[in-house]
Amino acid sequence: MDESDLVSRTADVLAVDPDAYQARVDEEAEALKADLSEGVFDNPQAIVGLEYEFYAVNADDASLVRVPRRLLELIGFEKELGLHNAEMTTSPQPLSGHGLQAQASEVRARLETAQTVTNAEGMRLVSDSMWTIPPEGERARDYLTQSVARTVEVDGEERTLRIAANMSDAARYHAMANTERASAAGMRIEAPHVTIEADTVMPESLITSIQPHYQVPHAPDLPAYFNYALRIAGPLLALGANSPFFPPDSYDAGTTVEDVLADGWMEHRISVFETVLNADTEGPGKVRFPRDLTGTGEAVDRIAADDAVVPTPVEKLGRYDDRFAHLRRTHGTYWRWVRPVFDGASRSAANARIEFRPIPAQPTVADSIAFQAVFAGLMESLTRLEHPVADLDWELARENFYDAMRNGLDADLFWITNDGQETTDRERLYEDLLAHAMDGLTGRGLSGATASAYVDPLRKRVERGVTPAAWKRDRVRERQAAGDPLQDAITAMQRAYVDRQTETLLEGTFVDWLE
């Protein structure tokens, strides 16, 4: 990384006039709403896609490693926040049997190739919600908080910028630590027995996720899909929980295994994202569980009104959505757990879609594709049948989400079944939820057997009452019983996770780990 170039580019970002930038955002929002009203964003069918994040580890001891930029380019993955991160984005496909098969095949083909290349370098790409073993010879706290101060001229004035040592060279990431705007990131982690203060947003690189996308056929209907996505966020998060532990040296001094097992949450990724990126002020925070939508225009207005944190120079790429390039850039820091997306390389490809962000990275590809398929199936079925869970109070949907974060499948989740009955019974909730996922998939032409193959990895989690987070806690509890201290217990668990994933990532499922 050329540090002087990075510092210069970060200064250029900080020099952008926020008022002029916001004026362009507001103009583009009006143009986008006009195109929406003309039907530009309507499409003949639903489309699905997936963003899939990984981190890299040493193949011998599962310690975190930095991925050389040349290697990322070689395997066709994209850089993410940390130098240890890599991200894959699939090609959008129709929601159909062939479309889902294409999604799974693309992920497996690209990941298999990437693993071959990284293995030759002594690395593995890991699909997991949070890493816990820092680079060899380093402390996790140091890796996450290490930065340097550099002096540069911004708008004719000399300023000292803080540059994270282990962050990718995207100037907007570094600018977040140096903005004076009220929405500046909190740059801290606060969780049971964990308190980390940083001067950049680098601690967010602890976490990784999968992000299914569902493109709605008729853009004016986006609010209905969006509001259903809020109702299923808690139950799906509970099924996917996968980050019950931090790196051992991240815990406060004196913390024991007993403390962590008693007080820790099932999905700390949620709290990490919120505390690192939300400003340390009163208010709802930029990272949050969003309110219901009443209209597609309202979705555009919400994005336009959101503080961009770091307005950045916009480069036109010759695409249709250059018409609202500033709005799209603001969308990059529109951090909501469910969010609408509007883009398109051409007018004919313009689309409105739901990006579903609650799900952590999963143990295997099959598990990740299961979440993608179940989410898409639910978007199809719940809206078509006008499922009564739409009437679940927004406050209860939000409570479900954060209860799932803390307790996983043991959360007390509120639901309304297809026959209009309110319930907190886990079996009834997931029976109804997964039946509608099946209905949505078969309604798109999948056979019952094929739909079941996609849904079964999650159905079996319900039947066993076990999530990846619960599996991790069981491994740490076993090490505790053997007398291991916190450091050794978490490290042993993480290595067991990577070992099991090595055997099952491409062809198995998490449930195979339970046999």
# chains A, B, ... in the order shown; residues from 1 in each chain; ligands from 1
>>> residues_around(residues="A:Val338", least_positions_apart="2", cutoff="12 Å", atoms="only C-alpha atoms", output="NGL selection string")
:A and (211-214 or 223 or 225-234 or 287-293 or 299 or 334-336 or 340-341 or 353-359 or 398 or 401)
>>> residues_around(residues="A:Thr256", least_positions_apart="3", cutoff="8 Å", atoms="only C-alpha atoms", output="list in words")
Asp259, Val260, Pro485 and Leu486 of chain A
>>> closest_residue(among="A:Arg24, A:Arg444, A:Arg139, A:Arg69", to="A:Arg384", atoms="only C-alpha atoms")
A:Arg444
>>> residues_around(residues="A:Asp307", least_positions_apart="4", cutoff="9 Å", atoms="only C-alpha atoms", output="compact mmCIF listing (two decimals) with N, CA, C and O atoms, in the first residue's frame")
# COMPACT_ATOMS: atom_id res chain seq x y z
N GLN A 22 -24.69 17.36 -1.05
CA GLN A 22 -26.05 17.06 -0.65
C GLN A 22 -27.06 17.63 -1.65
O GLN A 22 -28.10 17.01 -1.90
N ARG A 181 -17.88 15.47 11.07
CA ARG A 181 -19.34 15.52 11.00
C ARG A 181 -19.97 14.86 12.22
O ARG A 181 -19.37 13.97 12.86
N ALA A 182 -21.18 15.25 12.52
CA ALA A 182 -21.86 14.73 13.71
C ALA A 182 -22.11 13.23 13.63
O ALA A 182 -22.24 12.56 14.65
N SER A 183 -22.16 12.71 12.41
CA SER A 183 -22.43 11.27 12.24
C SER A 183 -21.16 10.43 12.27
O SER A 183 -21.19 9.25 11.93
N LYS A 286 -26.92 5.27 12.73
CA LYS A 286 -27.03 4.95 11.31
C LYS A 286 -27.21 3.45 11.08
O LYS A 286 -27.90 3.03 10.16
N ILE A 303 -32.89 7.43 2.01
CA ILE A 303 -31.48 7.36 1.63
C ILE A 303 -30.92 8.75 1.44
O ILE A 303 -29.84 9.09 1.94
N PRO A 311 -18.89 12.53 2.43
CA PRO A 311 -19.20 12.75 1.02
C PRO A 311 -17.92 12.58 0.20
O PRO A 311 -16.88 13.17 0.53
N THR A 330 -24.11 7.89 -1.27
CA THR A 330 -24.68 8.05 0.07
C THR A 330 -25.22 6.72 0.58
O THR A 330 -25.10 6.38 1.76
N THR A 333 -23.18 4.34 2.84
CA THR A 333 -23.14 4.44 4.30
C THR A 333 -24.55 4.50 4.88
O THR A 333 -24.73 4.96 6.02
N TYR A 334 -25.52 4.05 4.11
CA TYR A 334 -26.90 3.94 4.60
C TYR A 334 -27.01 2.56 5.25
O TYR A 334 -27.50 1.60 4.66
>>> select_by_dssp(residues="stretch 54-267 of chain A", states="strand (DSSP E or B)", output="MDAnalysis selection string")
chainID A and resid 54:58 64 78 82 85:89 93:94 123:126 130 147:154 157:164 167 188:191 194:197 207 209:215 243 251 267
>>> write_last_selection(atoms="C-alpha atoms", output="mmCIF file, in the first residue's frame")
data_model
loop_
_atom_site.group_PDB
_atom_site.id
_atom_site.type_symbol
_atom_site.label_atom_id
_atom_site.label_comp_id
_atom_site.auth_asym_id
_atom_site.auth_seq_id
_atom_site.Cartn_x
_atom_site.Cartn_y
_atom_site.Cartn_z
ATOM 1 C CA PHE A 54 -14.596 -14.413 3.989
ATOM 2 C CA TYR A 55 -11.468 -13.931 6.055
ATOM 3 C CA ALA A 56 -8.090 -15.572 5.487
ATOM 4 C CA VAL A 57 -6.176 -17.726 7.958
ATOM 5 C CA ASN A 58 -2.901 -19.578 8.128
ATOM 6 C CA LEU A 64 -5.486 -14.587 10.819
ATOM 7 C CA GLU A 78 -12.978 -7.969 -3.951
ATOM 8 C CA GLY A 82 -9.562 -5.362 6.584
ATOM 9 C CA ASN A 85 -10.938 -9.871 4.153
ATOM 10 C CA ALA A 86 -12.132 -11.040 0.744
ATOM 11 C CA GLU A 87 -15.602 -10.751 -0.779
ATOM 12 C CA MET A 88 -17.377 -12.591 -3.577
ATOM 13 C CA THR A 89 -20.415 -11.164 -5.381
ATOM 14 C CA GLN A 93 -29.968 -14.894 -11.625
ATOM 15 C CA PRO A 94 -33.732 -15.415 -12.017
ATOM 16 C CA MET A 123 -3.726 -19.792 3.481
ATOM 17 C CA ARG A 124 -7.375 -20.753 3.730
ATOM 18 C CA LEU A 125 -10.448 -18.620 3.164
ATOM 19 C CA VAL A 126 -12.842 -19.110 6.073
ATOM 20 C CA MET A 130 -16.087 -13.445 13.542
ATOM 21 C CA SER A 147 -2.804 3.371 13.382
ATOM 22 C CA VAL A 148 -0.390 6.114 12.382
ATOM 23 C CA ALA A 149 -0.758 9.913 12.317
ATOM 24 C CA ARG A 150 0.071 11.755 9.100
ATOM 25 C CA THR A 151 -0.007 15.495 8.434
ATOM 26 C CA VAL A 152 -1.596 16.713 5.195
ATOM 27 C CA GLU A 153 -3.217 19.841 3.770
ATOM 28 C CA VAL A 154 -7.028 19.798 3.546
ATOM 29 C CA GLU A 157 -5.314 23.987 6.235
ATOM 30 C CA GLU A 158 -2.825 21.562 7.723
ATOM 31 C CA ARG A 159 -4.508 18.586 9.389
ATOM 32 C CA THR A 160 -3.350 15.446 11.105
ATOM 33 C CA LEU A 161 -5.054 12.335 9.743
ATOM 34 C CA ARG A 162 -5.263 8.973 11.456
ATOM 35 C CA ILE A 163 -4.574 6.023 9.099
ATOM 36 C CA ALA A 164 -5.326 2.430 10.171
ATOM 37 C CA MET A 167 -7.189 -1.525 6.735
ATOM 38 C CA ARG A 188 -15.562 1.367 19.712
ATOM 39 C CA ILE A 189 -16.834 -2.069 20.689
ATOM 40 C CA GLU A 190 -19.085 -2.498 23.711
ATOM 41 C CA ALA A 191 -20.320 -5.975 24.582
ATOM 42 C CA VAL A 194 -15.485 -6.473 26.018
ATOM 43 C CA THR A 195 -14.544 -2.810 25.716
ATOM 44 C CA ILE A 196 -12.333 -1.695 22.828
ATOM 45 C CA GLU A 197 -11.651 1.937 21.974
ATOM 46 C CA ILE A 207 -17.055 -9.498 11.374
ATOM 47 C CA SER A 209 -21.585 -11.866 6.650
ATOM 48 C CA ILE A 210 -23.633 -13.085 3.723
ATOM 49 C CA GLN A 211 -26.079 -10.662 2.130
ATOM 50 C CA PRO A 212 -28.844 -12.147 -0.040
ATOM 51 C CA HIS A 213 -30.516 -9.800 -2.511
ATOM 52 C CA TYR A 214 -34.064 -10.100 -3.834
ATOM 53 C CA GLN A 215 -35.057 -7.969 -6.831
ATOM 54 C CA SER A 243 -20.396 -15.280 16.636
ATOM 55 C CA TYR A 251 -11.969 -9.484 26.815
ATOM 56 C CA GLU A 267 -24.467 -13.094 17.522
#
>>> select_by_dssp(residues="stretch 211-253 of chain A", states="alpha helix (DSSP H)", output="list in words")
Leu222, Pro223, Ala224, Tyr225, Phe226, Asn227, Tyr228, Ala229, Leu230, Arg231, Ile232, Ala233, Gly234, Pro235, Leu236, Leu237, Ala238, Leu239 and Gly240 of chain A
>>> write_last_selection(atoms="N, CA, C and O atoms", output="PDB file, in the first residue's frame")
ATOM      1  N   LEU A 222     -42.271  -2.556  -3.546  1.00  0.00           N
ATOM      2  CA  LEU A 222     -41.107  -2.741  -2.690  1.00  0.00           C
ATOM      3  C   LEU A 222     -41.423  -2.628  -1.202  1.00  0.00           C
ATOM      4  O   LEU A 222     -40.918  -3.432  -0.407  1.00  0.00           O
ATOM      5  N   PRO A 223     -42.274  -1.675  -0.750  1.00  0.00           N
ATOM      6  CA  PRO A 223     -42.549  -1.588   0.690  1.00  0.00           C
ATOM      7  C   PRO A 223     -43.127  -2.862   1.288  1.00  0.00           C
ATOM      8  O   PRO A 223     -42.805  -3.219   2.433  1.00  0.00           O
ATOM      9  N   ALA A 224     -43.977  -3.560   0.551  1.00  0.00           N
ATOM     10  CA  ALA A 224     -44.562  -4.796   1.080  1.00  0.00           C
ATOM     11  C   ALA A 224     -43.473  -5.842   1.322  1.00  0.00           C
ATOM     12  O   ALA A 224     -43.440  -6.496   2.371  1.00  0.00           O
ATOM     13  N   TYR A 225     -42.569  -5.995   0.348  1.00  0.00           N
ATOM     14  CA  TYR A 225     -41.462  -6.936   0.517  1.00  0.00           C
ATOM     15  C   TYR A 225     -40.568  -6.503   1.681  1.00  0.00           C
ATOM     16  O   TYR A 225     -40.132  -7.328   2.493  1.00  0.00           O
ATOM     17  N   PHE A 226     -40.277  -5.226   1.723  1.00  0.00           N
ATOM     18  CA  PHE A 226     -39.408  -4.687   2.763  1.00  0.00           C
ATOM     19  C   PHE A 226     -39.968  -4.948   4.153  1.00  0.00           C
ATOM     20  O   PHE A 226     -39.255  -5.410   5.058  1.00  0.00           O
ATOM     21  N   ASN A 227     -41.255  -4.695   4.337  1.00  0.00           N
ATOM     22  CA  ASN A 227     -41.857  -4.849   5.663  1.00  0.00           C
ATOM     23  C   ASN A 227     -41.920  -6.316   6.081  1.00  0.00           C
ATOM     24  O   ASN A 227     -41.767  -6.639   7.262  1.00  0.00           O
ATOM     25  N   TYR A 228     -42.143  -7.217   5.114  1.00  0.00           N
ATOM     26  CA  TYR A 228     -42.060  -8.644   5.454  1.00  0.00           C
ATOM     27  C   TYR A 228     -40.628  -9.033   5.816  1.00  0.00           C
ATOM     28  O   TYR A 228     -40.400  -9.847   6.721  1.00  0.00           O
ATOM     29  N   ALA A 229     -39.647  -8.461   5.122  1.00  0.00           N
ATOM     30  CA  ALA A 229     -38.247  -8.772   5.438  1.00  0.00           C
ATOM     31  C   ALA A 229     -37.919  -8.391   6.873  1.00  0.00           C
ATOM     32  O   ALA A 229     -37.138  -9.080   7.553  1.00  0.00           O
ATOM     33  N   LEU A 230     -38.520  -7.307   7.375  1.00  0.00           N
ATOM     34  CA  LEU A 230     -38.306  -6.924   8.768  1.00  0.00           C
ATOM     35  C   LEU A 230     -38.892  -7.961   9.721  1.00  0.00           C
ATOM     36  O   LEU A 230     -38.327  -8.225  10.787  1.00  0.00           O
ATOM     37  N   ARG A 231     -40.026  -8.552   9.350  1.00  0.00           N
ATOM     38  CA  ARG A 231     -40.676  -9.540  10.240  1.00  0.00           C
ATOM     39  C   ARG A 231     -39.907 -10.857  10.295  1.00  0.00           C
ATOM     40  O   ARG A 231     -39.946 -11.564  11.304  1.00  0.00           O
ATOM     41  N   ILE A 232     -39.200 -11.215   9.231  1.00  0.00           N
ATOM     42  CA  ILE A 232     -38.468 -12.483   9.237  1.00  0.00           C
ATOM     43  C   ILE A 232     -37.021 -12.299   9.686  1.00  0.00           C
ATOM     44  O   ILE A 232     -36.301 -13.286   9.863  1.00  0.00           O
ATOM     45  N   ALA A 233     -36.589 -11.042   9.894  1.00  0.00           N
ATOM     46  CA  ALA A 233     -35.185 -10.797  10.250  1.00  0.00           C
ATOM     47  C   ALA A 233     -34.802 -11.489  11.552  1.00  0.00           C
ATOM     48  O   ALA A 233     -33.740 -12.134  11.633  1.00  0.00           O
ATOM     49  N   GLY A 234     -35.634 -11.367  12.586  1.00  0.00           N
ATOM     50  CA  GLY A 234     -35.320 -11.997  13.862  1.00  0.00           C
ATOM     51  C   GLY A 234     -35.248 -13.505  13.782  1.00  0.00           C
ATOM     52  O   GLY A 234     -34.250 -14.120  14.203  1.00  0.00           O
ATOM     53  N   PRO A 235     -36.297 -14.164  13.250  1.00  0.00           N
ATOM     54  CA  PRO A 235     -36.243 -15.626  13.159  1.00  0.00           C
ATOM     55  C   PRO A 235     -35.072 -16.154  12.331  1.00  0.00           C
ATOM     56  O   PRO A 235     -34.462 -17.168  12.704  1.00  0.00           O
ATOM     57  N   LEU A 236     -34.740 -15.507  11.213  1.00  0.00           N
ATOM     58  CA  LEU A 236     -33.624 -16.000  10.407  1.00  0.00           C
ATOM     59  C   LEU A 236     -32.281 -15.720  11.084  1.00  0.00           C
ATOM     60  O   LEU A 236     -31.360 -16.535  11.000  1.00  0.00           O
ATOM     61  N   LEU A 237     -32.167 -14.579  11.755  1.00  0.00           N
ATOM     62  CA  LEU A 237     -30.949 -14.308  12.511  1.00  0.00           C
ATOM     63  C   LEU A 237     -30.749 -15.357  13.606  1.00  0.00           C
ATOM     64  O   LEU A 237     -29.627 -15.844  13.821  1.00  0.00           O
ATOM     65  N   ALA A 238     -31.822 -15.720  14.298  1.00  0.00           N
ATOM     66  CA  ALA A 238     -31.726 -16.735  15.355  1.00  0.00           C
ATOM     67  C   ALA A 238     -31.197 -18.050  14.802  1.00  0.00           C
ATOM     68  O   ALA A 238     -30.386 -18.731  15.445  1.00  0.00           O
ATOM     69  N   LEU A 239     -31.638 -18.422  13.591  1.00  0.00           N
ATOM     70  CA  LEU A 239     -31.192 -19.671  12.962  1.00  0.00           C
ATOM     71  C   LEU A 239     -29.729 -19.602  12.517  1.00  0.00           C
ATOM     72  O   LEU A 239     -29.047 -20.627  12.463  1.00  0.00           O
ATOM     73  N   GLY A 240     -29.268 -18.401  12.190  1.00  0.00           N
ATOM     74  CA  GLY A 240     -27.934 -18.276  11.614  1.00  0.00           C
ATOM     75  C   GLY A 240     -26.846 -17.876  12.580  1.00  0.00           C
ATOM     76  O   GLY A 240     -25.681 -17.782  12.198  1.00  0.00           O
TER      77      GLY A 240
END
>>> atom_distance(atom1="atom CA of A:Thr502", atom2="atom CA of A:Asp484")
24.6 Å
>>> closest_residue(among="A:Leu36, A:Val16, A:Val466, A:Ala59", to="A:Arg172", atoms="only C-alpha atoms")
A:Val16
>>> atom_distance(atom1="atom CA of A:Gly448", atom2="atom CA of A:Ala370")
14.8 Å
>>> closest_residue(among="A:Pro247, A:Glu180, A:Gly186, A:Arg108", to="A:Glu282", atoms="only C-alpha atoms")
A:Gly186
>>> residues_around(residues="A:Asp199", least_positions_apart="2", cutoff="7 Å", atoms="only C-alpha atoms", output="list in words")
Thr145, Ala177 and Met187 of chain A
>>> decode(residues="stretch 29-54 of chain A", atoms="N, CA and C atoms", output="short mmCIF file (atom, residue, chain, number, x, y, z; two decimals), in the first residue's frame")
data_model
loop_
_atom_site.label_atom_id
_atom_site.label_comp_id
_atom_site.auth_asym_id
_atom_site.auth_seq_id
_atom_site.Cartn_x
_atom_site.Cartn_y
_atom_site.Cartn_z
N ALA A 29 -32.33 12.33 -6.21
CA ALA A 29 -33.45 11.62 -5.59
C ALA A 29 -34.75 11.94 -6.32
N GLU A 30 -34.94 13.18 -6.68
CA GLU A 30 -36.16 13.56 -7.42
C GLU A 30 -36.19 12.91 -8.79
N ALA A 31 -35.03 12.86 -9.47
CA ALA A 31 -34.97 12.22 -10.79
C ALA A 31 -35.24 10.72 -10.68
N LEU A 32 -34.70 10.10 -9.61
CA LEU A 32 -34.92 8.66 -9.41
C LEU A 32 -36.40 8.38 -9.16
N LYS A 33 -37.03 9.19 -8.34
CA LYS A 33 -38.46 8.98 -8.06
C LYS A 33 -39.30 9.16 -9.32
N ALA A 34 -38.89 10.07 -10.20
CA ALA A 34 -39.61 10.24 -11.47
C ALA A 34 -39.48 8.99 -12.33
N ASP A 35 -38.28 8.42 -12.39
CA ASP A 35 -38.08 7.19 -13.16
C ASP A 35 -38.86 6.03 -12.55
N LEU A 36 -38.93 5.97 -11.24
CA LEU A 36 -39.72 4.92 -10.59
C LEU A 36 -41.18 5.04 -10.96
N SER A 37 -41.70 6.25 -10.99
CA SER A 37 -43.12 6.44 -11.31
C SER A 37 -43.42 6.11 -12.77
N GLU A 38 -42.39 6.17 -13.63
CA GLU A 38 -42.57 5.84 -15.04
C GLU A 38 -42.41 4.35 -15.32
N GLY A 39 -42.12 3.56 -14.29
CA GLY A 39 -42.00 2.11 -14.45
C GLY A 39 -40.64 1.63 -14.93
N VAL A 40 -39.64 2.52 -14.89
CA VAL A 40 -38.31 2.13 -15.38
C VAL A 40 -37.74 0.97 -14.58
N PHE A 41 -38.06 0.90 -13.29
CA PHE A 41 -37.46 -0.10 -12.41
C PHE A 41 -38.30 -1.38 -12.28
N ASP A 42 -39.35 -1.50 -13.08
CA ASP A 42 -40.15 -2.72 -13.06
C ASP A 42 -39.47 -3.79 -13.93
N ASN A 43 -39.62 -5.05 -13.53
CA ASN A 43 -38.98 -6.16 -14.23
C ASN A 43 -39.95 -7.31 -14.36
N PRO A 44 -39.75 -8.18 -15.35
CA PRO A 44 -40.72 -9.27 -15.56
C PRO A 44 -40.66 -10.37 -14.52
N GLN A 45 -39.60 -10.44 -13.72
CA GLN A 45 -39.49 -11.54 -12.78
C GLN A 45 -38.58 -11.17 -11.62
N ALA A 46 -38.65 -11.98 -10.58
CA ALA A 46 -37.77 -11.78 -9.42
C ALA A 46 -36.37 -12.28 -9.77
N ILE A 47 -35.37 -11.58 -9.23
CA ILE A 47 -33.96 -11.91 -9.44
C ILE A 47 -33.30 -12.04 -8.07
N VAL A 48 -32.34 -12.97 -7.95
CA VAL A 48 -31.62 -13.14 -6.70
C VAL A 48 -30.12 -12.96 -6.92
N GLY A 49 -29.43 -12.55 -5.87
CA GLY A 49 -27.99 -12.41 -5.89
C GLY A 49 -27.46 -12.59 -4.48
N LEU A 50 -26.13 -12.59 -4.33
CA LEU A 50 -25.53 -12.86 -3.03
C LEU A 50 -24.17 -12.18 -2.93
N GLU A 51 -23.94 -11.51 -1.80
CA GLU A 51 -22.61 -11.06 -1.41
C GLU A 51 -22.14 -11.98 -0.30
N TYR A 52 -20.91 -12.45 -0.42
CA TYR A 52 -20.40 -13.48 0.48
C TYR A 52 -19.00 -13.08 0.93
N GLU A 53 -18.84 -12.83 2.23
CA GLU A 53 -17.58 -12.36 2.79
C GLU A 53 -16.81 -13.50 3.48
N PHE A 54 -15.49 -13.43 3.38
CA PHE A 54 -14.60 -14.41 3.99
C PHE A 54 -13.45 -13.68 4.70
#
